[in-house]
file protein_36.txt (compact mmCIF, C-alpha atoms)
# COMPACT_ATOMS: atom_id res chain seq x y z
CA MET A 29 0.00 0.00 0.00
CA SER A 30 1.43 3.37 -0.98
CA LYS A 31 1.92 6.22 1.42
CA GLN A 32 -0.78 8.22 -0.33
CA SER A 33 -3.66 5.92 0.34
CA LYS A 34 -5.80 5.40 3.37
CA ARG A 35 -4.16 3.57 6.25
CA LEU A 36 -5.89 1.38 8.72
CA VAL A 37 -4.56 0.28 12.09
CA LEU A 38 -5.62 -1.63 15.15
CA VAL A 39 -4.38 -0.11 18.39
CA LYS A 40 -4.16 -2.03 21.63
CA TYR A 41 -3.59 0.28 24.51
CA LYS A 42 -3.89 -1.10 28.05
CA ASN A 43 -7.26 -2.85 27.82
CA ILE A 44 -8.56 -0.73 25.01
CA ARG A 45 -8.85 -1.87 21.42
CA ALA A 46 -9.53 0.60 18.66
CA LEU A 47 -9.78 0.63 14.87
CA ILE A 48 -8.33 3.80 13.47
CA SER A 49 -7.99 5.01 9.89
CA ASN A 50 -5.99 7.82 8.41
CA THR A 51 -6.31 9.45 5.02
CA PRO A 52 -3.40 11.77 4.22
CA GLY A 53 -4.33 15.39 4.68
CA LYS A 54 -7.30 14.58 6.85
CA ARG A 55 -7.87 14.17 10.54
CA THR A 56 -7.29 10.66 11.86
CA GLN A 57 -10.59 8.88 12.33
CA VAL A 58 -11.61 6.45 15.03
CA ILE A 59 -13.80 3.82 13.39
CA ALA A 60 -14.47 1.91 16.58
CA CYS A 61 -13.14 1.90 20.12
CA SER A 62 -13.82 -0.56 22.91
CA ASN A 63 -13.60 2.24 25.46
CA ARG A 64 -16.61 3.96 23.98
CA ASP A 65 -18.69 3.71 27.14
CA GLY A 66 -15.99 4.59 29.59
CA CYS A 67 -14.54 7.43 27.56
CA THR A 68 -15.55 11.00 28.08
CA THR A 69 -14.18 12.29 24.81
CA TYR A 70 -15.33 9.64 22.38
CA LYS A 71 -17.65 11.86 20.42
CA ASN A 72 -14.87 14.11 19.25
CA CYS A 73 -11.98 11.77 20.07
CA SER A 74 -9.86 14.54 21.47
CA ASP A 75 -6.23 14.83 20.48
CA TYR A 76 -5.31 14.14 24.10
CA CYS A 77 -6.56 10.58 23.91
CA ASP A 78 -3.62 8.20 24.44
CA VAL A 79 -5.02 5.69 21.98
CA LEU A 80 -5.21 8.30 19.26
CA ILE A 81 -1.74 9.62 20.10
CA THR A 82 -0.32 6.10 19.84
CA ALA A 83 -2.01 5.61 16.46
CA ASN A 84 -0.90 8.97 15.12
CA GLU A 85 2.69 8.44 16.21
CA TYR A 86 2.73 5.16 14.36
CA ILE A 87 1.01 6.42 11.23
CA LEU A 88 3.16 9.52 10.94
CA GLY A 89 6.19 7.30 11.37
CA SER A 90 7.64 9.09 14.33
CA ARG A 91 7.55 6.02 16.51
CA LYS A 92 7.16 2.32 16.09
CA SER A 93 4.91 0.68 18.57
CA GLU A 94 4.24 -2.88 19.64
CA ASN A 95 0.68 -1.89 20.31
CA VAL A 96 -0.18 -0.91 16.77
CA TYR A 97 -0.96 -3.39 14.00
CA GLU A 98 -1.36 -2.13 10.49
CA PHE A 99 -3.70 -3.78 8.02
CA LEU A 100 -2.52 -4.15 4.44
CA ASP A 101 -6.04 -3.95 3.16
CA GLU A 102 -9.70 -3.81 4.01
CA VAL A 103 -11.99 -6.33 2.37
CA VAL A 104 -15.77 -6.26 2.33
CA VAL A 105 -17.52 -9.62 2.16
CA GLY A 106 -20.92 -9.55 0.44
CA ILE A 107 -23.97 -11.54 1.45
CA GLY A 108 -23.33 -15.22 0.86
CA GLU A 109 -19.62 -14.72 0.22
CA TYR A 110 -16.39 -15.27 2.16
CA TYR A 111 -12.78 -14.12 2.23
CA VAL A 112 -9.59 -15.68 3.55
CA GLY A 113 -6.33 -13.82 4.07
CA GLU A 114 -3.49 -12.47 6.20
CA ASN A 115 -2.94 -8.98 7.59
CA VAL A 116 -6.32 -7.76 6.41
CA LEU A 117 -9.38 -6.35 8.06
CA ILE A 118 -12.38 -8.31 6.79
CA LYS A 119 -15.70 -6.62 7.11
CA THR A 120 -19.27 -7.61 6.41
CA ILE A 121 -22.27 -5.40 6.88
CA GLY A 122 -25.96 -6.00 7.28
CA LEU A 123 -26.10 -9.32 9.09
CA GLY A 124 -29.78 -9.91 9.71
CA SER A 125 -30.74 -13.55 9.81
CA CYS A 126 -27.37 -14.40 8.30
CA VAL A 127 -24.44 -15.45 10.43
CA GLY A 128 -20.93 -14.03 10.25
CA VAL A 129 -18.46 -16.86 10.83
CA ALA A 130 -14.83 -15.98 11.50
CA LEU A 131 -12.10 -18.62 11.55
CA PHE A 132 -8.63 -17.89 12.89
CA ASP A 133 -5.26 -19.56 13.31
CA ALA A 134 -3.59 -17.38 15.94
CA LYS A 135 -0.08 -18.76 15.45
CA LYS A 136 0.03 -18.16 11.69
CA ARG A 137 -2.30 -15.18 11.86
CA ILE A 138 -4.41 -16.49 9.05
CA GLY A 139 -8.10 -15.81 9.16
CA GLY A 140 -11.32 -15.87 7.20
CA LEU A 141 -14.80 -14.46 7.44
CA ALA A 142 -17.99 -15.74 5.82
CA HIS A 143 -21.44 -14.20 5.55
CA VAL A 144 -23.54 -17.36 5.76
CA MET A 145 -27.04 -16.98 4.39
CA LEU A 146 -28.58 -20.44 4.49
CA PRO A 147 -28.40 -23.48 6.74
CA GLY A 148 -27.18 -26.83 5.47
CA GLY A 149 -25.18 -27.60 2.39
CA SER A 150 -25.52 -27.87 -1.32
CA ASP A 151 -23.93 -29.56 -4.28
CA ASN A 152 -23.71 -26.36 -6.27
CA GLY A 153 -20.74 -25.21 -4.19
CA LYS A 154 -22.14 -21.79 -3.38
CA ALA A 155 -20.74 -20.23 -0.22
CA LYS A 156 -24.11 -18.93 0.93
CA TYR A 157 -24.62 -22.30 2.62
CA ALA A 158 -23.09 -22.80 6.08
CA ASP A 159 -21.62 -26.15 5.17
CA VAL A 160 -19.96 -24.97 1.96
CA ALA A 161 -18.64 -21.68 3.37
CA ILE A 162 -16.95 -23.33 6.36
CA LYS A 163 -15.40 -26.12 4.29
CA LYS A 164 -14.09 -23.71 1.66
CA MET A 165 -12.63 -21.35 4.24
CA LEU A 166 -10.86 -24.19 6.05
CA ASP A 167 -9.44 -25.49 2.77
CA GLU A 168 -8.13 -22.10 1.73
CA MET A 169 -6.68 -21.37 5.14
CA GLU A 170 -4.82 -24.68 5.20
CA LYS A 171 -3.56 -24.03 1.70
CA ILE A 172 -1.81 -20.85 2.83
CA GLY A 173 -0.31 -22.48 5.90
CA ALA A 174 -2.89 -22.61 8.67
CA ASN A 175 -3.17 -25.72 10.79
CA LYS A 176 -6.70 -26.99 11.28
CA SER A 177 -6.01 -28.12 14.84
CA ARG A 178 -5.26 -24.54 15.85
CA ILE A 179 -8.21 -22.93 14.09
CA VAL A 180 -10.94 -21.49 16.29
CA ALA A 181 -14.20 -19.72 15.44
CA LYS A 182 -16.16 -16.65 16.42
CA LEU A 183 -19.76 -16.02 15.43
CA ALA A 184 -22.25 -13.21 15.23
CA GLY A 185 -25.67 -12.77 13.67
CA GLY A 186 -28.77 -14.91 13.29
CA ALA A 187 -31.18 -12.22 14.44
CA GLN A 188 -34.90 -12.17 13.87
CA ILE A 189 -35.53 -8.75 12.38
CA PHE A 190 -39.30 -9.03 12.12
CA LYS A 191 -40.61 -10.00 15.51
CA HIS A 192 -44.27 -9.73 14.70
CA MET A 193 -44.14 -11.73 11.54
CA THR A 194 -46.13 -14.85 12.18
CA LEU A 195 -44.59 -16.63 9.25
CA ASP A 196 -42.46 -19.48 10.44
CA VAL A 197 -40.11 -19.20 7.52
CA LEU A 198 -38.70 -16.00 8.92
CA ARG A 199 -37.11 -17.91 11.79
CA ILE A 200 -34.26 -18.66 9.43
CA GLY A 201 -31.79 -16.93 11.78
CA GLU A 202 -32.11 -19.66 14.38
CA ARG A 203 -31.70 -22.37 11.76
CA ASN A 204 -28.58 -20.67 10.45
CA ILE A 205 -26.98 -20.60 13.90
CA ILE A 206 -27.73 -24.26 14.54
CA SER A 207 -26.36 -25.26 11.17
CA VAL A 208 -23.15 -23.28 11.65
CA GLU A 209 -22.66 -24.83 15.11
CA GLU A 210 -23.18 -28.34 13.76
CA ASN A 211 -20.73 -27.83 10.91
CA LEU A 212 -18.07 -26.42 13.23
CA ARG A 213 -18.52 -29.31 15.65
CA ARG A 214 -18.16 -31.81 12.82
CA GLU A 215 -14.91 -30.15 11.74
CA GLY A 216 -13.72 -30.16 15.35
CA ILE A 217 -13.49 -26.41 15.63
CA GLU A 218 -14.08 -24.71 18.92
CA ILE A 219 -16.30 -21.64 19.13
CA MET A 220 -14.33 -19.14 21.21
CA SER A 221 -17.01 -16.49 21.52
CA ARG A 222 -20.30 -15.50 19.99
CA ASP A 223 -23.03 -12.95 19.85
CA THR A 224 -26.08 -14.45 18.20
CA GLY A 225 -29.84 -14.12 18.14
CA GLY A 226 -31.68 -11.02 19.21
CA GLY A 227 -33.69 -8.73 17.03
CA ILE A 228 -31.35 -6.24 15.41
CA GLY A 229 -28.91 -6.17 12.54
CA ARG A 230 -25.15 -6.32 12.98
CA SER A 231 -21.99 -5.49 11.12
CA VAL A 232 -18.79 -7.38 11.77
CA PHE A 233 -15.12 -6.38 11.51
CA PHE A 234 -12.65 -9.22 11.78
CA SER A 235 -8.96 -8.55 12.26
CA THR A 236 -6.71 -11.29 10.92
CA VAL A 237 -3.70 -9.80 12.70
CA ASP A 238 -4.91 -10.71 16.17
CA GLY A 239 -8.32 -12.37 15.84
CA SER A 240 -10.24 -9.40 17.22
CA PHE A 241 -13.86 -9.65 16.22
CA LEU A 242 -15.85 -6.45 16.48
CA VAL A 243 -19.63 -6.57 16.32
CA ARG A 244 -21.37 -3.30 15.64
CA PHE A 245 -25.13 -3.29 16.13
CA SER A 246 -27.43 -1.16 14.02
CA THR A 247 -28.12 0.78 17.21
CA GLY A 248 -24.49 1.90 17.12
CA GLU A 249 -23.51 -0.21 20.12
CA GLU A 250 -20.20 -2.07 19.81
CA LYS A 251 -19.02 -5.33 21.22
CA TRP A 252 -15.50 -6.76 20.95
CA LEU A 253 -15.26 -10.54 21.01
CA MET B 22 -34.82 -21.85 -14.97
CA LEU B 23 -34.97 -18.23 -15.96
CA ASP B 24 -32.07 -16.12 -14.91
CA ILE B 25 -33.16 -12.90 -13.32
CA GLY B 26 -29.75 -11.35 -13.91
CA SER B 27 -30.06 -11.56 -17.67
CA LEU B 28 -33.03 -9.27 -18.22
CA ASP B 29 -32.78 -7.34 -21.45
CA GLU B 30 -33.63 -3.70 -22.01
CA ILE B 31 -37.21 -4.34 -23.08
CA GLU B 32 -37.90 -6.36 -19.97
CA ILE B 33 -36.39 -3.69 -17.75
CA ASP B 34 -38.56 -1.15 -19.57
CA ALA B 35 -41.63 -3.23 -18.88
CA LEU B 36 -40.71 -3.40 -15.20
CA LYS B 37 -40.29 0.37 -15.25
CA GLU B 38 -43.74 0.75 -16.75
CA LEU B 39 -45.12 -1.44 -14.00
CA ALA B 40 -43.48 0.69 -11.36
CA ASN B 41 -44.62 3.83 -13.13
CA ILE B 42 -48.27 2.83 -12.96
CA GLY B 43 -47.73 1.85 -9.34
CA THR B 44 -46.27 5.21 -8.39
CA ALA B 45 -49.08 7.04 -10.17
CA HIS B 46 -51.59 5.18 -8.03
CA ALA B 47 -49.48 5.79 -4.94
CA ALA B 48 -49.14 9.51 -5.64
CA ASN B 49 -52.90 9.78 -5.74
CA SER B 50 -53.47 8.01 -2.46
CA LEU B 51 -50.59 9.79 -0.77
CA SER B 52 -51.96 13.19 -1.86
CA GLN B 53 -55.17 12.32 -0.06
CA LEU B 54 -53.39 11.12 3.06
CA MET B 55 -51.04 14.04 3.32
CA GLY B 56 -53.53 16.67 2.29
CA GLU B 57 -51.27 18.17 -0.33
CA TYR B 58 -50.40 17.47 -3.91
CA ILE B 59 -47.72 14.82 -4.05
CA GLU B 60 -45.67 14.21 -7.13
CA MET B 61 -43.75 11.05 -7.76
CA SER B 62 -40.93 10.73 -10.24
CA VAL B 63 -40.64 7.97 -12.81
CA PRO B 64 -38.89 5.19 -10.96
CA GLU B 65 -35.44 3.88 -11.72
CA VAL B 66 -35.34 0.11 -11.93
CA SER B 67 -32.34 -2.04 -11.34
CA ILE B 68 -31.64 -5.68 -10.75
CA VAL B 69 -29.24 -6.17 -7.88
CA GLU B 70 -27.34 -9.28 -6.95
CA VAL B 71 -27.94 -10.21 -3.32
CA SER B 72 -24.20 -10.30 -2.60
CA LYS B 73 -23.90 -6.68 -3.79
CA ILE B 74 -26.65 -5.20 -1.64
CA HIS B 75 -24.20 -3.65 0.78
CA GLU B 76 -22.78 -1.52 -2.06
CA LYS B 77 -26.23 -0.05 -2.60
CA PHE B 78 -27.25 0.68 0.96
CA GLY B 79 -24.23 0.72 3.23
CA GLU B 80 -24.66 0.78 6.97
CA GLU B 81 -27.27 3.51 7.17
CA ILE B 82 -30.20 2.82 9.46
CA VAL B 83 -33.46 3.06 7.54
CA ALA B 84 -37.12 2.87 8.34
CA GLY B 85 -38.70 0.12 6.32
CA VAL B 86 -42.07 -1.49 5.81
CA LEU B 87 -42.32 -5.09 4.72
CA THR B 88 -45.39 -6.72 3.23
CA SER B 89 -45.65 -10.17 1.84
CA LEU B 90 -47.41 -10.66 -1.48
CA GLN B 91 -49.48 -13.67 -2.31
CA ASP B 92 -51.77 -14.56 -5.16
CA LEU B 93 -55.11 -16.21 -4.52
CA GLU B 94 -53.95 -19.71 -5.27
CA GLY B 95 -50.81 -19.31 -3.22
CA ARG B 96 -48.69 -20.30 -6.19
CA HIS B 97 -46.64 -17.14 -6.49
CA SER B 98 -45.34 -15.15 -3.63
CA GLY B 99 -42.79 -12.55 -2.80
CA TYR B 100 -42.02 -9.66 -0.53
CA LEU B 101 -42.15 -5.96 -1.07
CA TYR B 102 -39.91 -3.89 1.16
CA THR B 103 -40.37 -0.14 1.16
CA ILE B 104 -37.38 1.80 2.44
CA PHE B 105 -37.27 5.39 3.61
CA PRO B 106 -33.71 6.65 4.12
CA LEU B 107 -33.24 8.56 7.36
CA HIS B 108 -33.55 12.07 5.94
CA SER B 109 -36.73 11.07 4.07
CA THR B 110 -38.15 9.44 7.18
CA LYS B 111 -37.71 12.64 9.14
CA LYS B 112 -39.36 14.76 6.45
CA LEU B 113 -42.26 12.35 6.08
CA ILE B 114 -42.88 12.30 9.81
CA LYS B 115 -42.68 16.06 9.94
CA THR B 116 -45.35 16.34 7.25
CA LEU B 117 -47.59 13.65 8.67
CA CYS B 118 -47.22 14.03 12.44
CA ASP B 119 -45.75 17.46 12.86
CA SER B 120 -42.85 16.16 14.91
CA GLU B 121 -39.47 14.64 14.21
CA LYS B 122 -39.53 11.95 16.85
CA ILE B 123 -39.83 8.39 15.65
CA ASP B 124 -42.46 7.32 18.17
CA ASP B 125 -45.39 4.89 17.88
CA MET B 126 -47.49 7.44 16.08
CA ALA B 127 -44.73 8.06 13.55
CA VAL B 128 -44.16 4.35 13.02
CA SER B 129 -47.83 3.84 12.37
CA ALA B 130 -47.86 6.74 9.89
CA LEU B 131 -44.85 5.31 8.07
CA MET B 132 -46.51 1.93 7.96
CA GLU B 133 -49.52 3.50 6.33
CA VAL B 134 -47.37 5.13 3.68
CA GLY B 135 -45.63 1.80 3.08
CA ASN B 136 -49.00 0.11 2.92
CA ILE B 137 -50.22 2.58 0.30
CA LEU B 138 -47.11 2.10 -1.78
CA SER B 139 -47.32 -1.67 -1.72
CA SER B 140 -51.06 -1.72 -2.42
CA SER B 141 -50.42 0.60 -5.35
CA PHE B 142 -47.83 -1.80 -6.64
CA CYS B 143 -50.36 -4.62 -6.43
CA ASP B 144 -52.94 -2.47 -8.24
CA ALA B 145 -50.45 -1.82 -10.97
CA SER B 146 -49.57 -5.46 -11.44
CA ALA B 147 -53.26 -6.32 -11.64
CA GLU B 148 -53.89 -3.56 -14.17
CA LEU B 149 -50.88 -4.09 -16.38
CA LEU B 150 -50.08 -7.74 -16.00
CA ASN B 151 -53.29 -9.28 -14.84
CA ILE B 152 -51.57 -10.70 -11.78
CA LEU B 153 -53.71 -10.48 -8.70
CA LEU B 154 -51.45 -10.06 -5.68
CA LEU B 155 -52.72 -9.51 -2.17
CA PRO B 156 -50.47 -7.61 0.22
CA SER B 157 -50.30 -8.70 3.85
CA PRO B 158 -50.62 -6.14 6.65
CA PRO B 159 -47.41 -4.13 6.88
CA ASN B 160 -44.53 -4.96 9.22
CA PHE B 161 -42.21 -2.27 10.43
CA ALA B 162 -38.46 -2.51 10.97
CA MET B 163 -35.90 0.13 11.77
CA ASP B 164 -32.56 -1.35 10.89
CA MET B 165 -29.82 -1.55 8.31
CA ALA B 166 -31.45 -2.05 4.90
CA ALA B 167 -28.96 -4.75 4.02
CA ALA B 168 -29.87 -6.71 7.17
CA VAL B 169 -33.58 -6.60 6.36
CA ILE B 170 -33.24 -7.45 2.68
CA GLU B 171 -30.86 -10.25 3.51
CA ALA B 172 -33.27 -11.69 6.07
CA VAL B 173 -36.04 -11.76 3.48
CA ALA B 174 -33.92 -12.73 0.50
CA SER B 175 -32.58 -15.73 2.35
CA LEU B 176 -36.09 -17.21 2.21
CA PHE B 177 -35.76 -17.59 -1.53
CA ALA B 178 -32.00 -17.83 -1.64
CA GLU B 179 -32.05 -21.51 -2.49
CA LYS B 180 -33.15 -20.59 -5.98
CA SER B 181 -32.77 -16.89 -6.54
CA ASP B 182 -29.78 -14.60 -6.17
CA TYR B 183 -31.34 -11.32 -7.25
CA ILE B 184 -33.71 -8.61 -6.10
CA ILE B 185 -35.52 -5.96 -8.12
CA LEU B 186 -34.96 -2.43 -6.89
CA PHE B 187 -37.25 0.50 -7.67
CA GLU B 188 -36.13 3.95 -6.67
CA THR B 189 -38.46 6.90 -6.79
CA LYS B 190 -38.63 10.39 -5.39
CA LEU B 191 -41.79 11.84 -4.00
CA GLY B 192 -42.81 15.23 -2.77
CA VAL B 193 -43.19 18.65 -4.28
CA GLU B 194 -39.47 19.35 -4.35
CA ASP B 195 -38.43 15.81 -5.20
CA ASP B 196 -36.64 15.67 -1.92
CA LEU B 197 -37.97 12.44 -0.50
CA ASN B 198 -36.25 9.28 -1.65
CA VAL B 199 -38.13 6.06 -1.46
CA PHE B 200 -36.81 2.67 -2.41
CA MET B 201 -39.02 -0.30 -3.06
CA VAL B 202 -37.42 -3.67 -3.16
CA LEU B 203 -39.26 -6.53 -4.75
CA ILE B 204 -38.00 -9.89 -3.61
CA PRO B 205 -39.90 -12.43 -5.70
CA ASP B 206 -39.81 -16.18 -5.35
CA VAL B 207 -38.95 -18.06 -8.51
CA GLY B 208 -42.60 -18.72 -9.33
CA LEU B 209 -43.61 -15.09 -9.12
CA PHE B 210 -40.54 -13.98 -10.97
CA GLU B 211 -41.08 -16.34 -13.88
CA TYR B 212 -44.71 -15.38 -14.03
CA LEU B 213 -43.88 -11.67 -13.97
CA LEU B 214 -41.36 -12.17 -16.71
CA ASN B 215 -43.69 -14.13 -18.92
CA MET B 216 -46.38 -11.52 -18.55
CA LEU B 217 -43.89 -8.72 -19.24
CA ARG B 218 -42.74 -10.49 -22.40
CA GLY B 219 -46.35 -10.78 -23.49
CA LEU B 220 -46.55 -6.99 -23.43
CA GLU B 221 -44.03 -6.47 -26.20
call {"tool": "encode", "arguments": {"input": "protein_36.txt", "output": "structure tokens"}}
result
Amino acid sequence: MSKQSKRLVLVKYKNIRALISNTPGKRTQVIACSNRDGCTTYKNCSDYCDVLITANEYILGSRKSENVYEFLDEVVVGIGEYYVGENVLIKTIGLGSCVGVALFDAKKRIGGLAHVMLPGGSDNGKAKYADVAIKKMLDEMEKIGANKSRIVAKLAGGAQIFKHMTLDVLRIGERNIISVEENLRREGIEIMSRDTGGGIGRSVFFSTVDGSFLVRFSTGEEKWL
Amino acid sequence: MLDIGSLDEIEIDALKELANIGTAHAANSLSQLMGEYIEMSVPEVSIVEVSKIHEKFGEEIVAGVLTSLQDLEGRHSGYLYTIFPLHSTKKLIKTLCDSEKIDDMAVSALMEVGNILSSSFCDASAELLNILLLPSPPNFAMDMAAAVIEAVASLFAEKSDYIILFETKLGVEDDLNVFMVLIPDVGLFEYLLNMLRGLE
């Protein structure tokens, strides 16, 4: 990535985790910060914030820091798609009844994220099915050096957006979660953490540098898993 | 199986005509509801792949009204999702309820507007295509558009990967954007397409 383009970093400062981006010539932007509730200056992210100072020092090149991880790229995964890679921030937005499944090998720092749309599997090889997405991600991760025995999973999604809908078919969220769980169990992959169910949409940011999994609800609330 | 992604220009035009008749109906009803003359622009029609929905709507929170469509025999069905982006929602509520708060009253007013729009769509399809579709009572959701569309689209996702998006502007100054998303099942889509082809 050239110096001119947007830069994206993950900052770990004390117990705080934050996603910060910088476009040359513009003010550094805090995309998400786990200290949102406890922080008094979040709204304007004051220049006195230690997290922001750490990020800026790194981005401007004045100081290297062990607490800052830079992403080489940001990838958006569409509905029913997946992405596997290293040193990237993988993002998917608008998880309603769908489930975001992240897989991660912490030692090799290889990760993947899928936006699973349907339970079960299919012969047509489309990644919108839980079964297919998980298998394909595992295959690709192993191909670039991950070891299946180290891979763990994190999940979010499977909400029921329309609560008053009497139609049974709309309970697809629940079925998606169950299917994802079953497939992971069959592959012998442990679910480290999860945020599933409920009634509102989510977006997910998955960091393949450290396995951080940020869930942002449509209400604006954030949760780091 | 017909591929919804491969619609040609004539078919898109026919869909546009369908939406055009629908919005004309809707403009009439809305004028009555809002007590002022409402204009609606000729809708833009596009076919969007489900996996690309996020490019269209992003993370913005929108007010939306969902109705399910069913014909009398229950052979064809689909969903119609009416979306009001946040700035449009606020303007609509201001006109209808004289406040900017999204409270129960406002939700019910938005649902009525959504109801009018979807009924108008059904009127249009009956008039133009001879397809009798009955809309269900409206359901309201305030969430990311992508999350709602995805939740509905996944019902038909076994067979269909596309949605049909109508975008229109309403209001005197063309300042209210409204999106209508038609998520048809394969049966309804094939039927729609056959009828549209018959129009040529």
call {"tool": "residues_around", "arguments": {"input": "protein_36.txt", "residues": "Asp92 in chain B", "least_positions_apart": "3", "cutoff": "7 Å", "atoms": "only C-alpha atoms", "output": "list in words"}}
result
Gly95, Arg96, His97, Ser98, Leu153, Leu154 and Leu155 of chain B
call {"tool": "atom_distance", "arguments": {"input": "protein_36.txt", "atom1": "CA of Val105 in chain A", "atom2": "CA of Thr120 in chain A"}}
result
5.0 Å
call {"tool": "closest_atom_pairs", "arguments": {"input": "protein_36.txt", "of": "chain A", "to": "chain B", "cutoff": "10 Å", "atoms": "all atoms listed in the file", "output": "JSON lines"}}
result
{"residue": "A:Val104", "atom": "CA", "partner": "B:His75", "partner_atom": "CA", "distance": 9.0}
{"residue": "A:Val105", "atom": "CA", "partner": "B:Ser72", "partner_atom": "CA", "distance": 8.2}
{"residue": "A:Gly106", "atom": "CA", "partner": "B:Ser72", "partner_atom": "CA", "distance": 4.5}
{"residue": "A:Ile107", "atom": "CA", "partner": "B:Ser72", "partner_atom": "CA", "distance": 4.2}
{"residue": "A:Gly108", "atom": "CA", "partner": "B:Ser72", "partner_atom": "CA", "distance": 6.1}
{"residue": "A:Glu109", "atom": "CA", "partner": "B:Ser72", "partner_atom": "CA", "distance": 7.0}
{"residue": "A:Thr120", "atom": "CA", "partner": "B:His75", "partner_atom": "CA", "distance": 8.5}
{"residue": "A:Ile121", "atom": "CA", "partner": "B:Glu80", "partner_atom": "CA", "distance": 6.6}
{"residue": "A:Gly122", "atom": "CA", "partner": "B:Ala168", "partner_atom": "CA", "distance": 4.0}
{"residue": "A:Leu123", "atom": "CA", "partner": "B:Ala168", "partner_atom": "CA", "distance": 5.0}
{"residue": "A:Gly124", "atom": "CA", "partner": "B:Ala168", "partner_atom": "CA", "distance": 4.1}
{"residue": "A:Ser125", "atom": "CA", "partner": "B:Ala172", "partner_atom": "CA", "distance": 4.9}
{"residue": "A:Cys126", "atom": "CA", "partner": "B:Ala172", "partner_atom": "CA", "distance": 6.9}
{"residue": "A:His143", "atom": "CA", "partner": "B:Ser72", "partner_atom": "CA", "distance": 9.4}
{"residue": "A:Val144", "atom": "CA", "partner": "B:Ser175", "partner_atom": "CA", "distance": 9.8}
{"residue": "A:Met145", "atom": "CA", "partner": "B:Ser175", "partner_atom": "CA", "distance": 6.0}
{"residue": "A:Leu146", "atom": "CA", "partner": "B:Ser175", "partner_atom": "CA", "distance": 6.5}
{"residue": "A:Pro147", "atom": "CA", "partner": "B:Ser175", "partner_atom": "CA", "distance": 9.8}
{"residue": "A:Ser150", "atom": "CA", "partner": "B:Glu179", "partner_atom": "CA", "distance": 9.2}
{"residue": "A:Lys154", "atom": "CA", "partner": "B:Glu179", "partner_atom": "CA", "distance": 10.0}
{"residue": "A:Lys156", "atom": "CA", "partner": "B:Ala178", "partner_atom": "CA", "distance": 8.4}
{"residue": "A:Tyr157", "atom": "CA", "partner": "B:Glu179", "partner_atom": "CA", "distance": 9.1}
{"residue": "A:Gly185", "atom": "CA", "partner": "B:Ala168", "partner_atom": "CA", "distance": 9.8}
{"residue": "A:Gly186", "atom": "CA", "partner": "B:Ala172", "partner_atom": "CA", "distance": 9.1}
{"residue": "A:Ala187", "atom": "CA", "partner": "B:Ala172", "partner_atom": "CA", "distance": 8.6}
{"residue": "A:Gln188", "atom": "CA", "partner": "B:Ala172", "partner_atom": "CA", "distance": 8.0}
{"residue": "A:Ile189", "atom": "CA", "partner": "B:Val169", "partner_atom": "CA", "distance": 6.7}
{"residue": "A:Phe190", "atom": "CA", "partner": "B:Ala162", "partner_atom": "CA", "distance": 6.7}
{"residue": "A:Lys191", "atom": "CA", "partner": "B:Asn160", "partner_atom": "CA", "distance": 9.0}
{"residue": "A:His192", "atom": "CA", "partner": "B:Asn160", "partner_atom": "CA", "distance": 7.3}
{"residue": "A:Met193", "atom": "CA", "partner": "B:Asn160", "partner_atom": "CA", "distance": 7.2}
{"residue": "A:Leu195", "atom": "CA", "partner": "B:Ser89", "partner_atom": "CA", "distance": 9.9}
{"residue": "A:Val197", "atom": "CA", "partner": "B:Leu176", "partner_atom": "CA", "distance": 7.0}
{"residue": "A:Leu198", "atom": "CA", "partner": "B:Leu176", "partner_atom": "CA", "distance": 7.3}
{"residue": "A:Arg199", "atom": "CA", "partner": "B:Ala172", "partner_atom": "CA", "distance": 9.3}
{"residue": "A:Ile200", "atom": "CA", "partner": "B:Leu176", "partner_atom": "CA", "distance": 7.6}
{"residue": "A:Gly201", "atom": "CA", "partner": "B:Ala172", "partner_atom": "CA", "distance": 7.9}
{"residue": "A:Gly227", "atom": "CA", "partner": "B:Asp164", "partner_atom": "CA", "distance": 9.7}
{"residue": "A:Ile228", "atom": "CA", "partner": "B:Asp164", "partner_atom": "CA", "distance": 6.8}
{"residue": "A:Gly229", "atom": "CA", "partner": "B:Ala168", "partner_atom": "CA", "distance": 5.5}
{"residue": "A:Arg230", "atom": "CA", "partner": "B:Ala168", "partner_atom": "CA", "distance": 7.5}
{"residue": "A:Ser231", "atom": "CA", "partner": "B:Glu80", "partner_atom": "CA", "distance": 8.0}
{"residue": "A:Phe245", "atom": "CA", "partner": "B:Met165", "partner_atom": "CA", "distance": 9.3}
{"residue": "A:Ser246", "atom": "CA", "partner": "B:Asp164", "partner_atom": "CA", "distance": 6.0}
{"residue": "A:Thr247", "atom": "CA", "partner": "B:Asp164", "partner_atom": "CA", "distance": 8.0}
{"residue": "A:Gly248", "atom": "CA", "partner": "B:Ile82", "partner_atom": "CA", "distance": 9.6}
call {"tool": "atom_distance", "arguments": {"input": "protein_36.txt", "atom1": "CA of Asp119 in chain B", "atom2": "CA of Thr103 in chain B"}}
result
21.8 Å
call {"tool": "atom_distance", "arguments": {"input": "protein_36.txt", "atom1": "CA of Asp223 in chain A", "atom2": "CA of Leu253 in chain A"}}
result
8.2 Å
call {"tool": "closest_residue", "arguments": {"input": "protein_36.txt", "among": "A:Met165, A:Ile44, A:Ile87, A:Leu183", "to": "Phe233 in chain A", "atoms": "all atoms listed in the file"}}
result
A:Leu183
call {"tool": "closest_residue", "arguments": {"input": "protein_36.txt", "among": "A:Asn50, A:Ser177, A:Lys136, A:Asn84", "to": "Phe99 in chain A", "atoms": "only C-alpha atoms"}}
result
A:Asn50
call {"tool": "axis_aligned_box", "arguments": {"input": "protein_36.txt", "around": "range 224-234 of chain A", "padding_each_side": "4 Å", "output": "AutoDock Vina command-line options"}}
result
--center_x -23.2 --center_y -10.0 --center_z 15.2 --size_x 29.0 --size_y 17.0 --size_z 16.1
